[in-house]
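Structure record follows, encoded as structure tokens.
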Amino acid sequence: MSESLEADVKTNPQGDPITSLEPEQKTNPQGDPITSVAAPKSVDKVDKKDPHAEAKRQKVVTPEWMFKEAPRVREFITGSEVAKEAVRRSNVDFSVAYPITPQSETMQLIGVLYGEGYVKEYYRGEEEYGVMSAIAGASRAGVRCFTATAGPGTLRGLEPIASWPGHRLPAVVMFTCRVVNAPLAIQPDNIEISYLLNCGLILFHAENQQDLFDFIMAAFIIGEKNDVTLPVGVACDGFFVTHARGYVRMQDREFKLPPREAWRGAVPVLDAENPPARLSRDAPVQKSNFMAYNIHAVWQQEVWAGVERSRKYINKYINGLLTAENVEGADALIVASGSAAAQSREAIRLCKEKGINVGLIKIRSLRPFPTVELRQVCAKANLIVIPEFNYVGWLAKEVATALFGHSQAKIIAGPHVYGGQSMPVELILDEVESGLTGKKSTNVPQSAIMGTDVDPAAVAHFMQNI
């Protein structure tokens, strides 16, 4: 009897008997007394806020109403925040992130949207090749996809990116352009666009935060059209747009675009229940014979035909492949895209103070390129200046090719800044003045000025020093 009573005696961690007046002391696994107070259990679970509640209340509206009729409110936000707000309203199913400056903040904010329920699936990839491959798989399965990258990340993911058009995979990727070549730098430079021009994707170039917002949202709708069914790249100049703030007129966040209807695409989506043994659209393409070459050639033609067919949707949803300001009767025209267009506006103001009438043509779509439109607005031009944030002058090459035989204008391929340099507006002003007066340029080599007599010695000197 006494043994059973002794066995029932409880002791504290120090071995002392616990009397009826002494409360039982709880301990952790290490034997230390637990002194913290446990959080009270919620009795009413109905009061717990649903983090996805706002996203669930979004209303689907037509693209026509969203882009043309929906009321807008002006906000002062960064380019990264702009991307977040565009995706919020775009009914995105899937997004994969991998950090790289200056894109990292953008995809971090897309992760916030995932937490709020606006993006259905989101995760961090292992590197850019894997990210772009995952986007390919998700698009092939029929869902709406978004990702972003920059500079070296663009080049690392370029192989899968270049395969998207051939597989007819609608997706939207944001390129926040930066330096790609050694020595290492993270500063603005849009050289990577030159690598993207001939991949077969549709490619826009945003001047500012408003362009970025409008282009991203429209890109989903344009790329998913049946007679297009192609990926769309939306490029902007890193830091100048991504990290700077600007005024953006946005629709209310209670509205969103219709979901992707993959069955409307030009090619069938992958059947995830019964996946094929190989993902080639047509096995004969793998063979080395005339039929294989012909199939591949015809398919390339169809991809680029799809790019051309997107023109009517670009005109419909973002109001044209280019914009033209003050071109009629202008002494000179500046043709620019991206941040160079913003700098050109200030240069035009300085020209006006000096009595020089200068117009601006802003290229918004690089693929398809506004060849016909450019020929029309430049038909009477005497001087065209093309400032760029890269060394190679990819826009000047596009403009010169489009205007060859259709314009008598002198074309100055510059000024150029690169490697992270900003573009002083005085550089643009100097080229306008030198082009009109015949004064020798101090910034653009003679070999980069088209429509004039070429000085062989100047060309030779230029070639020796590049």
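We label chains A, B, ... in the order they appear in the structure tokens, count residues from 1 in each chain, and number ligands from 1 in the order shown.
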
Tell me, as a list in words, which residues lie within 6 Å of stretch 374-384 of chain A, counting only C-alpha atoms; anything in the same chain fewer than 4 positions away does not count. Ala332, Leu333, Ile334, Pro370, Leu403, Ser407, Ala409, Lys410 and Ile411 of chain A

Please provide as a list in words all residues within 9 Å of A:Leu360, with the sequence filter that same-chain residues fewer than 5 positions apart are discarded (counting only C-alpha atoms).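 The contact residues come out as Thr323, Ala324, Glu325, Asn326, Val327, Ala332, Leu333, Ile334, Val335, Ala336, Ala341, Ser344, Arg345 and Ile348 of chain A.
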
Go ahead and write the selection's residues with N, CA and C atoms as an mmCIF file, in the first residue's frame.
```cif
data_model
loop_
_atom_site.group_PDB
_atom_site.id
_atom_site.type_symbol
_atom_site.label_atom_id
_atom_site.label_comp_id
_atom_site.auth_asym_id
_atom_site.auth_seq_id
_atom_site.Cartn_x
_atom_site.Cartn_y
_atom_site.Cartn_z
ATOM 1 N N THR A 323 5.397 55.569 -82.521
ATOM 2 C CA THR A 323 4.683 56.836 -82.374
ATOM 3 C C THR A 323 5.530 57.925 -83.028
ATOM 4 N N ALA A 324 4.861 58.894 -83.626
ATOM 5 C CA ALA A 324 5.558 59.987 -84.306
ATOM 6 C C ALA A 324 5.065 61.321 -83.746
ATOM 7 N N GLU A 325 6.013 62.188 -83.408
ATOM 8 C CA GLU A 325 5.686 63.486 -82.825
ATOM 9 C C GLU A 325 6.412 64.588 -83.588
ATOM 10 N N ASN A 326 5.660 65.558 -84.081
ATOM 11 C CA ASN A 326 6.219 66.755 -84.702
ATOM 12 C C ASN A 326 7.109 66.434 -85.922
ATOM 13 N N VAL A 327 6.699 65.464 -86.727
ATOM 14 C CA VAL A 327 7.547 65.079 -87.862
ATOM 15 C C VAL A 327 7.292 65.938 -89.098
ATOM 16 N N ALA A 332 14.918 68.023 -88.682
ATOM 17 C CA ALA A 332 15.588 66.740 -88.457
ATOM 18 C C ALA A 332 14.650 65.841 -87.657
ATOM 19 N N LEU A 333 14.901 64.542 -87.745
ATOM 20 C CA LEU A 333 14.130 63.572 -86.981
ATOM 21 C C LEU A 333 15.069 62.754 -86.107
ATOM 22 N N ILE A 334 14.640 62.483 -84.894
ATOM 23 C CA ILE A 334 15.352 61.548 -84.026
ATOM 24 C C ILE A 334 14.542 60.263 -83.980
ATOM 25 N N VAL A 335 15.182 59.128 -84.274
ATOM 26 C CA VAL A 335 14.540 57.822 -84.175
ATOM 27 C C VAL A 335 15.182 57.097 -83.000
ATOM 28 N N ALA A 336 14.371 56.696 -82.025
ATOM 29 C CA ALA A 336 14.923 56.098 -80.809
ATOM 30 C C ALA A 336 13.933 55.103 -80.232
ATOM 31 N N ALA A 341 14.733 57.282 -76.117
ATOM 32 C CA ALA A 341 13.615 58.142 -76.525
ATOM 33 C C ALA A 341 13.351 59.207 -75.468
ATOM 34 N N SER A 344 15.934 61.787 -75.777
ATOM 35 C CA SER A 344 15.714 62.545 -77.018
ATOM 36 C C SER A 344 14.699 63.664 -76.818
ATOM 37 N N ARG A 345 13.719 63.439 -75.964
ATOM 38 C CA ARG A 345 12.715 64.484 -75.729
ATOM 39 C C ARG A 345 13.354 65.747 -75.153
ATOM 40 N N ILE A 348 15.324 67.494 -77.845
ATOM 41 C CA ILE A 348 14.429 68.230 -78.747
ATOM 42 C C ILE A 348 14.057 69.581 -78.130
#
```

What lies within 12 Å of A:Ile449 using only C-alpha atoms, ignoring chain neighbours under 6 positions off, as number ranges by chain? A: 383-386, 393, 396-397, 400, 409-415, 431, 434-435, 438, 440-441, 443, 455, 458-459

Residue with smallest distance to A:Asp214 - pool A:Ala185, A:Val82, A:Val241, A:Val269, counting only C-alpha atoms: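 Looking at the shortest contact to A:Asp214, the residue is A:Val82.
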
Could you build a table of the residues in stretch 195-269 of chain A lying no more than 9 Å from stretch 361-368 of chain A, giving for each the nearest pair of atoms and their separation in Å rounded to one decimal place, using only C-alpha atoms, ordered by chain and ascending residue number, as CSV?
```
residue,atom,partner,partner_atom,distance
A:Leu197,CA,A:Arg367,CA,6.8
A:Asn198,CA,A:Arg367,CA,8.4
A:Gly200,CA,A:Arg367,CA,8.2
A:Leu201,CA,A:Arg367,CA,7.2
A:Ile202,CA,A:Arg367,CA,5.0
A:Leu203,CA,A:Arg367,CA,4.9
A:Phe204,CA,A:Ser365,CA,4.4
A:His205,CA,A:Arg364,CA,5.4
A:Ala206,CA,A:Arg364,CA,6.6
A:Glu207,CA,A:Arg364,CA,8.1
A:Asp211,CA,A:Arg364,CA,8.7
```

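Across the model, the gap from atom CA of A:Tyr317 to atom CA of A:Thr78 is 22.9 Å.
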
Sel. of strand (DSSP E or B) residues, stretch 161-391 of chain A, as an mmCIF file with C-alpha atoms, in the first residue's frame:
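Listed below is the output, result_33.cif:
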```cif
data_model
loop_
_atom_site.group_PDB
_atom_site.id
_atom_site.type_symbol
_atom_site.label_atom_id
_atom_site.label_comp_id
_atom_site.auth_asym_id
_atom_site.auth_seq_id
_atom_site.Cartn_x
_atom_site.Cartn_y
_atom_site.Cartn_z
ATOM 1 C CA VAL A 172 5.812 36.665 -71.677
ATOM 2 C CA VAL A 173 9.355 37.399 -70.539
ATOM 3 C CA MET A 174 10.556 40.778 -69.290
ATOM 4 C CA PHE A 175 14.151 41.704 -70.164
ATOM 5 C CA THR A 176 15.598 44.348 -67.817
ATOM 6 C CA CYS A 177 18.583 45.135 -70.010
ATOM 7 C CA ILE A 202 7.691 39.267 -80.727
ATOM 8 C CA LEU A 203 9.741 41.997 -79.036
ATOM 9 C CA PHE A 204 8.674 45.340 -77.527
ATOM 10 C CA HIS A 205 10.948 48.037 -76.063
ATOM 11 C CA ALA A 206 9.508 50.221 -73.294
ATOM 12 C CA VAL A 232 6.549 37.944 -76.450
ATOM 13 C CA GLY A 233 9.563 39.702 -74.954
ATOM 14 C CA VAL A 234 9.100 43.072 -73.243
ATOM 15 C CA ALA A 235 12.444 44.845 -72.874
ATOM 16 C CA CYS A 236 13.243 47.910 -70.818
ATOM 17 C CA ASP A 237 16.510 49.561 -69.864
ATOM 18 C CA ARG A 245 9.652 55.916 -60.350
ATOM 19 C CA GLY A 246 7.248 57.291 -62.900
ATOM 20 C CA TYR A 247 3.572 58.084 -63.223
ATOM 21 C CA VAL A 248 1.502 55.157 -64.465
ATOM 22 C CA ARG A 249 -2.194 55.155 -65.253
ATOM 23 C CA MET A 250 -3.574 51.766 -64.188
ATOM 24 C CA GLN A 251 -6.951 50.053 -64.223
ATOM 25 C CA PHE A 255 -10.323 43.516 -62.911
ATOM 26 C CA LYS A 256 -8.274 40.902 -64.758
ATOM 27 C CA LEU A 322 5.752 53.362 -83.377
ATOM 28 C CA THR A 323 4.683 56.836 -82.374
ATOM 29 C CA ALA A 324 5.558 59.987 -84.306
ATOM 30 C CA GLU A 325 5.686 63.486 -82.825
ATOM 31 C CA ALA A 332 15.588 66.740 -88.457
ATOM 32 C CA LEU A 333 14.130 63.572 -86.981
ATOM 33 C CA ILE A 334 15.352 61.548 -84.026
ATOM 34 C CA VAL A 335 14.540 57.822 -84.175
ATOM 35 C CA ALA A 336 14.923 56.098 -80.809
ATOM 36 C CA VAL A 358 13.147 68.422 -84.505
ATOM 37 C CA GLY A 359 10.621 65.570 -84.535
ATOM 38 C CA LEU A 360 10.689 62.290 -82.623
ATOM 39 C CA ILE A 361 9.888 58.789 -83.845
ATOM 40 C CA LYS A 362 9.719 56.294 -80.999
ATOM 41 C CA ILE A 363 10.030 52.637 -82.009
ATOM 42 C CA SER A 365 7.892 47.188 -81.472
ATOM 43 C CA LEU A 366 11.233 45.802 -82.645
ATOM 44 C CA ARG A 367 9.740 42.530 -83.872
ATOM 45 C CA LEU A 383 18.409 64.258 -91.389
ATOM 46 C CA ILE A 384 17.835 61.288 -89.078
ATOM 47 C CA VAL A 385 19.748 60.871 -85.808
ATOM 48 C CA GLU A 388 21.376 54.265 -78.602
#
```

Identify, with DSSP run on backbone atoms, the residues in stretch 224-445 of chain A assigned to helix (DSSP H, G or I), and express the list as a PyMOL selection string. chain A and resi 262-264+283-286+290-309+311-318+339-353+371-377+394-403+425-437

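For the residues A:Ile191, A:Ile295, A:Leu257, A:Cys199, ranking by smallest atom-to-atom distance to A:Tyr118 using only C-alpha atoms places A:Leu257 first.
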